[in-house]
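J.: So here's my_file.cif (mmCIF, C-alpha atoms and all ligand atoms).
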data_protein
loop_
_atom_site.group_PDB
_atom_site.id
_atom_site.type_symbol
_atom_site.label_atom_id
_atom_site.label_comp_id
_atom_site.auth_asym_id
_atom_site.auth_seq_id
_atom_site.Cartn_x
_atom_site.Cartn_y
_atom_site.Cartn_z
ATOM 1 C CA MET A 1 91.817 138.423 78.642
ATOM 2 C CA THR A 2 89.545 135.957 80.303
ATOM 3 C CA MET A 3 87.164 137.737 82.644
ATOM 4 C CA SER A 4 85.229 136.522 85.614
ATOM 5 C CA ALA A 5 81.496 137.118 85.719
ATOM 6 C CA THR A 6 82.037 139.874 88.180
ATOM 7 C CA GLY A 7 84.095 141.706 85.584
ATOM 8 C CA GLY A 8 87.557 141.220 87.054
ATOM 9 C CA PRO A 9 90.390 139.355 85.411
ATOM 10 C CA ALA A 10 90.127 135.647 85.986
ATOM 11 C CA GLU A 11 92.863 133.974 87.935
ATOM 12 C CA ASP A 12 94.930 131.698 85.744
ATOM 13 C CA ARG A 13 94.148 128.155 86.758
ATOM 14 C CA SER A 14 95.412 126.520 83.645
ATOM 15 C CA ALA A 15 97.265 123.725 85.423
ATOM 16 C CA PRO A 16 95.596 120.364 84.907
ATOM 17 C CA SER A 17 93.646 119.049 87.851
ATOM 18 C CA PRO A 18 95.866 117.111 90.256
ATOM 19 C CA ARG A 19 93.086 114.621 90.744
ATOM 20 C CA GLY A 20 94.067 112.972 87.513
ATOM 21 C CA LEU A 21 90.802 111.128 87.162
ATOM 22 C CA ALA A 22 90.674 108.719 84.280
ATOM 23 C CA GLY A 23 88.730 109.803 81.257
ATOM 24 C CA ARG A 24 88.416 113.410 82.317
ATOM 25 C CA THR A 25 89.603 116.447 80.450
ATOM 26 C CA ALA A 26 89.362 119.370 82.837
ATOM 27 C CA TYR A 27 87.645 121.902 80.631
ATOM 28 C CA GLY A 28 89.741 124.913 79.809
ATOM 29 C CA THR A 29 93.220 123.488 80.194
ATOM 30 C CA THR A 30 93.987 125.454 77.023
ATOM 31 C CA THR A 31 91.819 128.470 77.893
ATOM 32 C CA THR A 32 90.574 128.762 81.459
ATOM 33 C CA ALA A 33 90.406 125.914 83.926
ATOM 34 C CA PHE A 34 87.242 125.519 85.924
ATOM 35 C CA TYR A 35 88.854 123.494 88.610
ATOM 36 C CA GLY A 36 90.903 124.566 91.592
ATOM 37 C CA GLU A 37 93.553 122.737 93.496
ATOM 38 C CA ALA A 38 91.069 120.387 95.063
ATOM 39 C CA GLY A 39 89.996 119.395 91.552
ATOM 40 C CA ARG A 40 86.492 120.774 91.984
ATOM 41 C CA PRO A 41 85.033 124.133 91.063
ATOM 42 C CA THR A 42 84.826 126.643 93.862
ATOM 43 C CA PRO A 43 81.939 129.144 93.903
ATOM 44 C CA ASN A 44 84.169 131.770 92.301
ATOM 45 C CA GLU A 45 85.376 129.445 89.586
ATOM 46 C CA ARG A 46 81.836 128.587 88.594
ATOM 47 C CA TRP A 47 81.549 132.058 87.149
ATOM 48 C CA VAL A 48 84.705 131.998 85.067
ATOM 49 C CA VAL A 49 83.774 131.908 81.394
ATOM 50 C CA PRO A 50 85.934 130.956 78.418
ATOM 51 C CA GLU A 51 87.132 133.698 76.132
ATOM 52 C CA TYR A 52 84.999 132.751 73.185
ATOM 53 C CA SER A 53 81.828 133.624 75.042
ATOM 54 C CA ASN A 54 82.996 137.185 75.536
ATOM 55 C CA THR A 55 83.075 137.952 71.827
ATOM 56 C CA GLY A 56 79.309 138.305 71.585
ATOM 57 C CA ARG A 57 79.353 136.565 68.213
ATOM 58 C CA ARG A 58 77.019 133.877 69.441
ATOM 59 C CA PHE A 59 74.178 136.361 69.823
ATOM 60 C CA ASP A 60 73.932 137.541 66.241
ATOM 61 C CA GLU A 61 70.858 138.768 64.369
ATOM 62 C CA THR A 62 69.531 135.237 63.843
ATOM 63 C CA VAL A 63 69.508 134.658 67.582
ATOM 64 C CA ARG A 64 67.976 138.076 68.167
ATOM 65 C CA ASP A 65 65.189 137.223 65.714
ATOM 66 C CA ARG A 66 64.505 134.051 67.649
ATOM 67 C CA ALA A 67 64.556 135.983 70.902
ATOM 68 C CA ARG A 68 62.025 138.446 69.502
ATOM 69 C CA ALA A 69 59.807 135.537 68.412
ATOM 70 C CA ILE A 70 59.921 134.128 71.955
ATOM 71 C CA ILE A 71 59.173 137.490 73.537
ATOM 72 C CA ALA A 72 56.193 137.976 71.186
ATOM 73 C CA ARG A 73 54.522 134.951 72.804
ATOM 74 C CA TYR A 74 54.081 136.781 76.095
ATOM 75 C CA PRO A 75 52.146 139.879 77.168
ATOM 76 C CA GLU A 76 55.188 141.162 79.086
ATOM 77 C CA PRO A 77 58.763 140.760 77.760
ATOM 78 C CA ARG A 78 60.163 139.684 81.148
ATOM 79 C CA SER A 79 57.821 136.678 81.157
ATOM 80 C CA ALA A 80 60.005 135.239 78.379
ATOM 81 C CA VAL A 81 63.095 134.977 80.568
ATOM 82 C CA MET A 82 63.065 131.187 80.930
ATOM 83 C CA PRO A 83 62.744 130.201 77.240
ATOM 84 C CA LEU A 84 65.210 132.944 76.378
ATOM 85 C CA LEU A 85 67.732 131.401 78.756
ATOM 86 C CA HIS A 86 67.166 128.039 77.080
ATOM 87 C CA LEU A 87 67.844 129.744 73.748
ATOM 88 C CA CYS A 88 71.147 131.073 75.115
ATOM 89 C CA GLN A 89 72.001 127.638 76.425
ATOM 90 C CA SER A 90 71.311 126.159 72.985
ATOM 91 C CA MET A 91 73.946 128.511 71.563
ATOM 92 C CA GLU A 92 76.690 128.123 74.137
ATOM 93 C CA GLY A 93 75.932 124.930 76.039
ATOM 94 C CA PHE A 94 75.624 126.914 79.268
ATOM 95 C CA ILE A 95 74.612 130.347 80.508
ATOM 96 C CA SER A 96 77.606 132.614 80.195
ATOM 97 C CA ALA A 97 77.939 136.140 81.519
ATOM 98 C CA ASP A 98 77.281 137.275 77.929
ATOM 99 C CA GLY A 99 74.106 135.204 77.884
ATOM 100 C CA VAL A 100 72.887 136.936 81.023
ATOM 101 C CA THR A 101 73.665 140.345 79.501
ATOM 102 C CA PHE A 102 71.907 139.394 76.256
ATOM 103 C CA CYS A 103 68.735 138.307 78.112
ATOM 104 C CA ALA A 104 68.773 141.395 80.304
ATOM 105 C CA GLU A 105 69.013 143.672 77.264
ATOM 106 C CA MET A 106 66.316 141.859 75.290
ATOM 107 C CA LEU A 107 63.921 141.726 78.249
ATOM 108 C CA ASP A 108 64.606 145.126 79.786
ATOM 109 C CA MET A 109 65.611 143.447 83.036
ATOM 110 C CA SER A 110 68.667 143.954 85.188
ATOM 111 C CA GLU A 111 71.458 141.406 84.976
ATOM 112 C CA ALA A 112 70.901 140.704 88.668
ATOM 113 C CA GLU A 113 67.287 139.744 87.965
ATOM 114 C CA VAL A 114 68.331 137.373 85.173
ATOM 115 C CA ASP A 115 71.097 135.967 87.372
ATOM 116 C CA GLY A 116 68.482 135.279 90.031
ATOM 117 C CA VAL A 117 66.611 133.004 87.615
ATOM 118 C CA VAL A 118 69.785 131.289 86.387
ATOM 119 C CA THR A 119 71.001 130.488 89.867
ATOM 120 C CA PHE A 120 67.595 129.299 91.089
ATOM 121 C CA TYR A 121 66.883 126.642 88.449
ATOM 122 C CA THR A 122 69.249 123.720 88.090
ATOM 123 C CA MET A 123 68.427 123.278 84.394
ATOM 124 C CA TYR A 124 70.454 126.416 83.694
ATOM 125 C CA LYS A 125 74.076 125.365 83.636
ATOM 126 C CA ARG A 126 76.839 127.697 84.692
ATOM 127 C CA LYS A 127 79.647 125.697 83.162
ATOM 128 C CA PRO A 128 79.877 124.450 79.554
ATOM 129 C CA CYS A 129 78.167 121.093 79.119
ATOM 130 C CA GLY A 130 79.212 118.113 77.078
ATOM 131 C CA GLU A 131 77.594 116.927 73.887
ATOM 132 C CA HIS A 132 75.169 115.100 76.139
ATOM 133 C CA LEU A 133 73.880 115.702 79.642
ATOM 134 C CA VAL A 134 73.374 112.508 81.661
ATOM 135 C CA SER A 135 71.093 112.989 84.660
ATOM 136 C CA VAL A 136 70.764 110.150 87.180
ATOM 137 C CA CYS A 137 67.867 110.221 89.615
ATOM 138 C CA THR A 138 69.033 109.607 93.174
ATOM 139 C CA ASN A 139 65.848 110.660 94.912
ATOM 140 C CA THR A 140 64.120 108.366 97.385
ATOM 141 C CA VAL A 141 62.481 105.730 95.180
ATOM 142 C CA CYS A 142 65.284 105.502 92.640
ATOM 143 C CA ALA A 143 67.932 105.526 95.377
ATOM 144 C CA ALA A 144 66.218 102.615 97.096
ATOM 145 C CA LEU A 145 66.117 100.760 93.774
ATOM 146 C CA GLY A 146 69.782 101.327 92.922
ATOM 147 C CA GLY A 147 70.082 104.923 91.689
ATOM 148 C CA ASP A 148 73.036 105.653 93.961
ATOM 149 C CA GLN A 149 74.951 102.686 92.563
ATOM 150 C CA ILE A 150 74.194 103.825 89.024
ATOM 151 C CA TYR A 151 75.507 107.297 89.764
ATOM 152 C CA GLN A 152 78.591 105.910 91.449
ATOM 153 C CA THR A 153 79.261 103.547 88.532
ATOM 154 C CA LEU A 154 79.068 106.388 86.002
ATOM 155 C CA ARG A 155 81.094 108.670 88.234
ATOM 156 C CA GLU A 156 83.908 106.152 88.416
ATOM 157 C CA HIS A 157 83.775 105.325 84.716
ATOM 158 C CA LEU A 158 83.785 108.964 83.581
ATOM 159 C CA GLY A 159 86.096 110.194 86.319
ATOM 160 C CA VAL A 160 83.935 113.201 87.078
ATOM 161 C CA GLY A 161 81.676 114.413 89.851
ATOM 162 C CA GLN A 162 78.488 116.404 90.037
ATOM 163 C CA GLU A 163 77.998 118.701 87.017
ATOM 164 C CA GLU A 164 81.452 117.934 85.701
ATOM 165 C CA THR A 165 82.242 117.013 82.121
ATOM 166 C CA ALA A 166 84.287 114.126 80.769
ATOM 167 C CA GLY A 167 85.915 115.322 77.565
ATOM 168 C CA GLU A 168 86.093 118.806 76.066
ATOM 169 C CA PRO A 169 82.618 120.328 76.452
ATOM 170 C CA GLY A 170 80.640 120.383 73.242
ATOM 171 C CA THR A 171 82.920 117.985 71.376
ATOM 172 C CA PRO A 172 81.582 114.612 70.170
ATOM 173 C CA GLY A 173 81.390 112.046 72.935
ATOM 174 C CA SER A 174 81.808 114.558 75.765
ATOM 175 C CA LEU A 175 79.409 113.925 78.649
ATOM 176 C CA THR A 176 78.295 116.023 81.589
ATOM 177 C CA LEU A 177 77.154 113.984 84.592
ATOM 178 C CA GLU A 178 74.758 115.072 87.304
ATOM 179 C CA HIS A 179 72.554 113.445 89.876
ATOM 180 C CA VAL A 180 69.118 114.958 90.165
ATOM 181 C CA GLU A 181 65.987 114.958 92.250
ATOM 182 C CA CYS A 182 62.837 113.052 91.272
ATOM 183 C CA LEU A 183 62.388 112.861 87.486
ATOM 184 C CA ALA A 184 58.682 112.102 87.977
ATOM 185 C CA CYS A 185 59.028 108.532 86.687
ATOM 186 C CA CYS A 186 59.210 106.680 90.003
ATOM 187 C CA ASP A 187 57.160 103.817 88.526
ATOM 188 C CA PHE A 188 60.105 103.073 86.208
ATOM 189 C CA GLY A 189 62.867 103.557 88.736
ATOM 190 C CA PRO A 190 65.708 103.652 88.770
ATOM 191 C CA VAL A 191 65.706 106.082 85.855
ATOM 192 C CA LEU A 192 68.104 108.423 84.139
ATOM 193 C CA THR A 193 67.758 110.881 81.314
ATOM 194 C CA VAL A 194 70.064 111.812 78.459
ATOM 195 C CA ASP A 195 69.363 115.337 77.231
ATOM 196 C CA TYR A 196 66.063 115.000 79.135
ATOM 197 C CA GLU A 197 64.917 111.851 77.266
ATOM 198 C CA MET A 198 63.988 108.915 79.492
ATOM 199 C CA PHE A 199 65.851 105.656 80.038
ATOM 200 C CA ASP A 200 63.727 103.563 82.390
ATOM 201 C CA ASN A 201 64.431 100.626 84.696
ATOM 202 C CA GLN A 202 68.183 101.091 84.658
ATOM 203 C CA THR A 203 70.884 98.975 86.267
ATOM 204 C CA PRO A 204 74.503 99.999 86.803
ATOM 205 C CA GLN A 205 75.522 97.763 83.881
ATOM 206 C CA ALA A 206 72.817 99.090 81.545
ATOM 207 C CA ALA A 207 73.687 102.681 82.422
ATOM 208 C CA LEU A 208 77.379 101.999 81.886
ATOM 209 C CA GLU A 209 76.725 100.500 78.445
ATOM 210 C CA LEU A 210 74.500 103.453 77.579
ATOM 211 C CA VAL A 211 77.202 105.946 78.501
ATOM 212 C CA GLN A 212 79.883 103.991 76.642
ATOM 213 C CA ALA A 213 77.670 104.048 73.536
ATOM 214 C CA LEU A 214 77.263 107.821 73.859
ATOM 215 C CA GLN A 215 81.025 108.202 74.140
ATOM 216 C CA ARG A 216 81.417 106.222 70.895
ATOM 217 C CA GLY A 217 79.105 108.720 69.208
ATOM 218 C CA GLU A 218 76.070 106.446 69.143
ATOM 219 C CA ARG A 219 72.609 107.645 70.080
ATOM 220 C CA PRO A 220 70.732 104.799 71.784
ATOM 221 C CA THR A 221 66.964 104.917 71.575
ATOM 222 C CA PRO A 222 65.284 106.216 74.742
ATOM 223 C CA THR A 223 62.702 104.014 76.417
ATOM 224 C CA ARG A 224 60.009 106.592 75.662
ATOM 225 C CA GLY A 225 59.755 109.933 73.929
ATOM 226 C CA ALA A 226 61.761 111.481 71.115
ATOM 227 C CA PRO A 227 64.993 110.110 69.612
ATOM 228 C CA LEU A 228 68.200 111.548 71.050
ATOM 229 C CA THR A 229 69.894 114.538 69.501
ATOM 230 C CA ASP A 230 72.263 116.431 71.802
ATOM 231 C CA PHE A 231 72.148 118.801 74.744
ATOM 232 C CA LYS A 232 72.164 121.993 72.684
ATOM 233 C CA ASP A 233 69.399 120.747 70.423
ATOM 234 C CA ALA A 234 67.319 119.742 73.449
ATOM 235 C CA GLU A 235 67.778 123.274 74.748
ATOM 236 C CA LEU A 236 66.587 124.713 71.451
ATOM 237 C CA GLN A 237 63.458 122.593 71.751
ATOM 238 C CA LEU A 238 62.931 123.857 75.291
ATOM 239 C CA ALA A 239 63.098 127.375 73.831
ATOM 240 C CA GLY A 240 60.272 126.358 71.492
ATOM 241 C CA PHE A 241 62.122 125.737 68.204
ATOM 242 C CA PHE A 242 61.748 122.228 66.831
ATOM 243 C CA GLU A 243 63.561 122.424 63.472
ATOM 244 C CA ASP A 244 61.211 120.011 61.650
ATOM 245 C CA ARG A 245 61.176 117.655 64.646
ATOM 246 C CA GLU A 246 57.542 118.247 65.636
ATOM 247 C CA ASP A 247 56.636 114.613 64.981
ATOM 248 C CA ASP A 248 59.623 113.347 66.957
ATOM 249 C CA VAL A 249 58.940 115.413 70.032
ATOM 250 C CA ASP A 250 55.270 114.457 69.863
ATOM 251 C CA ALA A 251 56.211 110.825 70.518
ATOM 252 C CA PRO A 252 54.211 109.133 73.302
ATOM 253 C CA SER A 253 55.783 109.471 76.724
ATOM 254 C CA ALA A 254 53.280 107.405 78.701
ATOM 255 C CA ALA A 255 53.657 103.637 79.168
ATOM 256 C CA PRO A 256 51.074 101.096 80.414
ATOM 257 C CA GLN A 257 52.501 101.427 83.938
ATOM 258 C CA THR A 258 52.008 105.184 83.791
ATOM 259 C CA LEU A 259 48.355 104.767 82.873
ATOM 260 C CA ARG A 260 47.610 101.827 85.187
ATOM 261 C CA GLY A 261 45.743 103.920 87.744
ATOM 262 C CA ALA A 262 43.652 105.657 85.096
ATOM 263 C CA GLN A 263 42.917 102.282 83.467
ATOM 264 C CA LEU A 264 41.818 100.732 86.786
ATOM 265 C CA ALA A 265 39.514 103.685 87.431
ATOM 266 C CA ALA A 266 38.031 103.382 83.934
ATOM 267 C CA ASP A 267 37.502 99.598 84.334
ATOM 268 C CA ARG A 268 35.743 100.095 87.667
ATOM 269 C CA GLY A 269 33.732 103.123 86.631
ATOM 270 C CA TRP A 270 35.356 105.408 89.164
ATOM 271 C CA ARG A 271 34.996 109.108 88.534
ATOM 272 C CA ALA A 272 36.238 112.177 90.272
ATOM 273 C CA PRO A 273 33.440 114.274 91.822
ATOM 274 C CA ALA A 274 32.082 116.859 89.432
ATOM 275 C CA MET A 275 33.356 120.380 89.862
ATOM 276 C CA PRO A 276 30.741 122.659 91.446
ATOM 277 C CA GLU A 277 29.097 125.226 89.172
ATOM 278 C CA GLN A 278 30.285 127.990 91.444
ATOM 279 C CA PRO A 279 33.521 127.869 93.405
ATOM 280 C CA PRO A 280 32.959 127.854 97.174
ATOM 281 C CA ALA A 281 33.262 131.238 98.840
ATOM 282 C CA PHE A 282 36.570 132.011 100.473
ATOM 283 C CA PRO A 283 36.369 132.074 104.263
ATOM 284 C CA ASP A 284 36.816 135.454 105.896
ATOM 285 C CA LEU A 285 40.450 136.161 106.489
ATOM 286 C CA PRO A 286 41.640 137.879 109.647
ATOM 287 C CA ASP A 287 43.033 141.349 109.194
ATOM 288 C CA LYS A 288 46.786 141.447 108.808
ATOM 289 C CA LYS A 289 48.547 143.316 111.584
HETATM 290 S S1 LIG B 1 62.500 109.061 92.680
HETATM 291 FE FE1 LIG B 1 63.458 108.785 90.743
HETATM 292 S S2 LIG B 1 61.905 109.323 89.339
HETATM 293 FE FE2 LIG B 1 61.000 109.677 91.278
#
Could you show the structure in this file as structure tokens?
Ligand code: FES
T.:
Amino acid sequence: MTMSATGGPAEDRSAPSPRGLAGRTAYGTTTTAFYGEAGRPTPNERWVVPEYSNTGRRFDETVRDRARAIIARYPEPRSAVMPLLHLCQSMEGFISADGVTFCAEMLDMSEAEVDGVVTFYTMYKRKPCGEHLVSVCTNTVCAALGGDQIYQTLREHLGVGQEETAGEPGTPGSLTLEHVECLACCDFGPVLTVDYEMFDNQTPQAALELVQALQRGERPTPTRGAPLTDFKDAELQLAGFFEDREDDVDAPSAAPQTLRGAQLAADRGWRAPAMPEQPPAFPDLPDKK
């Protein structure tokens, strides 16, 4: 039986989405649909997990060994919650109810505490992701430079909306689309990332060609940083396991534009004021009432 995250039987929503958007396979049409009658997940549906994630087989001894290695990096086990969640996401492509239980057990935390972290950070996905995660920046600078048009172009091409997946999640060529807040590369806007690798100075046409290449199984070279792998592998790296890719992920991520300010300061001999030997004393604080 497919269970909801709250432990009750999941409602059968196996009918295909009536939206009928081109290019979209509503995930779970053969197991559990994530989409309601409006064609979009409702808050309850977001917690429905596919049956395979309830077997526990994804958290075998190899994963437990990795979890123990992560926990050993920290003085307190609970401090390891974020990389441990990335490890879970590298196994399943999202954070399932089983993933939450696994983290809670390994970290001696309650499931509610782990859930609190999962639901706070947008990098933890609550639905299975595609082979690749495409994140389009639509924050102020990128939006002004065309980010909204890029997102709209990809949305129409893939036939999906925010955090929805075109194709069966995890299968080759499947893509999850999202629009995100500032990716901290405003000087290269509009930007997008694929599995968190940067593609700078995008246009709707360039982004469309990039996505079409991903759907064909190609892995275009990012503008900066490491070569593309896939979403799960990126998650494994975020958990701290690089699988002989140390040199790749050490690739330079700065470009001349990024360093322009530092270069100008160096050319002109500008320096930040030296730090004082002793930090200034804190002012007296009024008593709390
Ligand atoms: S606004 Fe898009 S990277 Fe900053």
J.: For Cys88 (chain A), work out the shell of residues within 10 Å, counting only C-alpha atoms and skipping chain neighbours fewer than 6 positions away, then give it as number ranges by chain.
T.: A: 58-59, 63, 67, 82, 94-96, 98-100, 102-103, 124, 232, 235-236, 239
J.: Do you have the CA of Val81 (chain A)-CA of Asp195 (chain A) distance handy?
T.: 20.9 Å
J.: Once the PyMOL selection byres (((chain A and resi 247-264) around 6) and not hetatm) is applied to the coordinates I shared, what remains selected? I want it as an MDAnalysis selection string.
T.: chainID A and resid 224:226 245:246 265:267
J.: Identify, on the basis of only C-alpha atoms, every residue whose closest approach to region 130-146 of chain A does not exceed 9 Å; exclude the query and any residue fewer than 3 positions from it along the same chain; express the result as a compact mmCIF listing (two decimals) with C-alpha atoms, in the coordinates of the input.
T.:
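Written output follows (part_7.txt):
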# COMPACT_ATOMS: atom_id res chain seq x y z
CA GLY A 93 75.93 124.93 76.04
CA GLN A 149 74.95 102.69 92.56
CA ILE A 150 74.19 103.82 89.02
CA TYR A 151 75.51 107.30 89.76
CA GLU A 163 78.00 118.70 87.02
CA GLU A 164 81.45 117.93 85.70
CA THR A 165 82.24 117.01 82.12
CA ALA A 166 84.29 114.13 80.77
CA GLY A 167 85.92 115.32 77.56
CA GLU A 168 86.09 118.81 76.07
CA PRO A 169 82.62 120.33 76.45
CA GLY A 170 80.64 120.38 73.24
CA THR A 171 82.92 117.98 71.38
CA PRO A 172 81.58 114.61 70.17
CA GLY A 173 81.39 112.05 72.94
CA SER A 174 81.81 114.56 75.76
CA LEU A 175 79.41 113.92 78.65
CA THR A 176 78.30 116.02 81.59
CA LEU A 177 77.15 113.98 84.59
CA GLU A 178 74.76 115.07 87.30
CA HIS A 179 72.55 113.44 89.88
CA VAL A 180 69.12 114.96 90.16
CA GLU A 181 65.99 114.96 92.25
CA CYS A 182 62.84 113.05 91.27
CA LEU A 183 62.39 112.86 87.49
CA CYS A 186 59.21 106.68 90.00
CA ASP A 187 57.16 103.82 88.53
CA PHE A 188 60.10 103.07 86.21
CA GLY A 189 62.87 103.56 88.74
CA PRO A 190 65.71 103.65 88.77
CA VAL A 191 65.71 106.08 85.86
CA LEU A 192 68.10 108.42 84.14
CA THR A 193 67.76 110.88 81.31
CA VAL A 194 70.06 111.81 78.46
CA ASP A 195 69.36 115.34 77.23
CA TYR A 196 66.06 115.00 79.14
CA GLN A 202 68.18 101.09 84.66
CA THR A 203 70.88 98.98 86.27
CA PRO A 204 74.50 100.00 86.80
CA VAL A 211 77.20 105.95 78.50
CA LEU A 214 77.26 107.82 73.86
CA THR A 229 69.89 114.54 69.50
CA ASP A 230 72.26 116.43 71.80
CA PHE A 231 72.15 118.80 74.74
CA LYS A 232 72.16 121.99 72.68
J.: Quick one: apply the PyMOL selection byres (((chain A and resi 70-79) around 9) and not hetatm) to the file and drop the selected residues here as a short mmCIF file (atom, residue, chain, number, x, y, z; two decimals) with C-alpha atoms, in the frame of the given file.
T.:
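So selection20.cif came out as:
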data_model
loop_
_atom_site.label_atom_id
_atom_site.label_comp_id
_atom_site.auth_asym_id
_atom_site.auth_seq_id
_atom_site.Cartn_x
_atom_site.Cartn_y
_atom_site.Cartn_z
CA ASP A 65 65.19 137.22 65.71
CA ARG A 66 64.50 134.05 67.65
CA ALA A 67 64.56 135.98 70.90
CA ARG A 68 62.02 138.45 69.50
CA ALA A 69 59.81 135.54 68.41
CA ALA A 80 60.00 135.24 78.38
CA VAL A 81 63.10 134.98 80.57
CA MET A 82 63.06 131.19 80.93
CA PRO A 83 62.74 130.20 77.24
CA LEU A 84 65.21 132.94 76.38
CA ALA A 104 68.77 141.40 80.30
CA MET A 106 66.32 141.86 75.29
CA LEU A 107 63.92 141.73 78.25
CA ASP A 108 64.61 145.13 79.79
CA MET A 109 65.61 143.45 83.04
CA ALA A 239 63.10 127.38 73.83
CA GLY A 240 60.27 126.36 71.49
#
J.: Smallest atom-to-atom distance to ligand LIG 1 (chain B): which of A:Asp148, A:Asp284, A:Asp233, A:Glu277, using only C-alpha atoms and all ligand atoms?
T.: A:Asp148
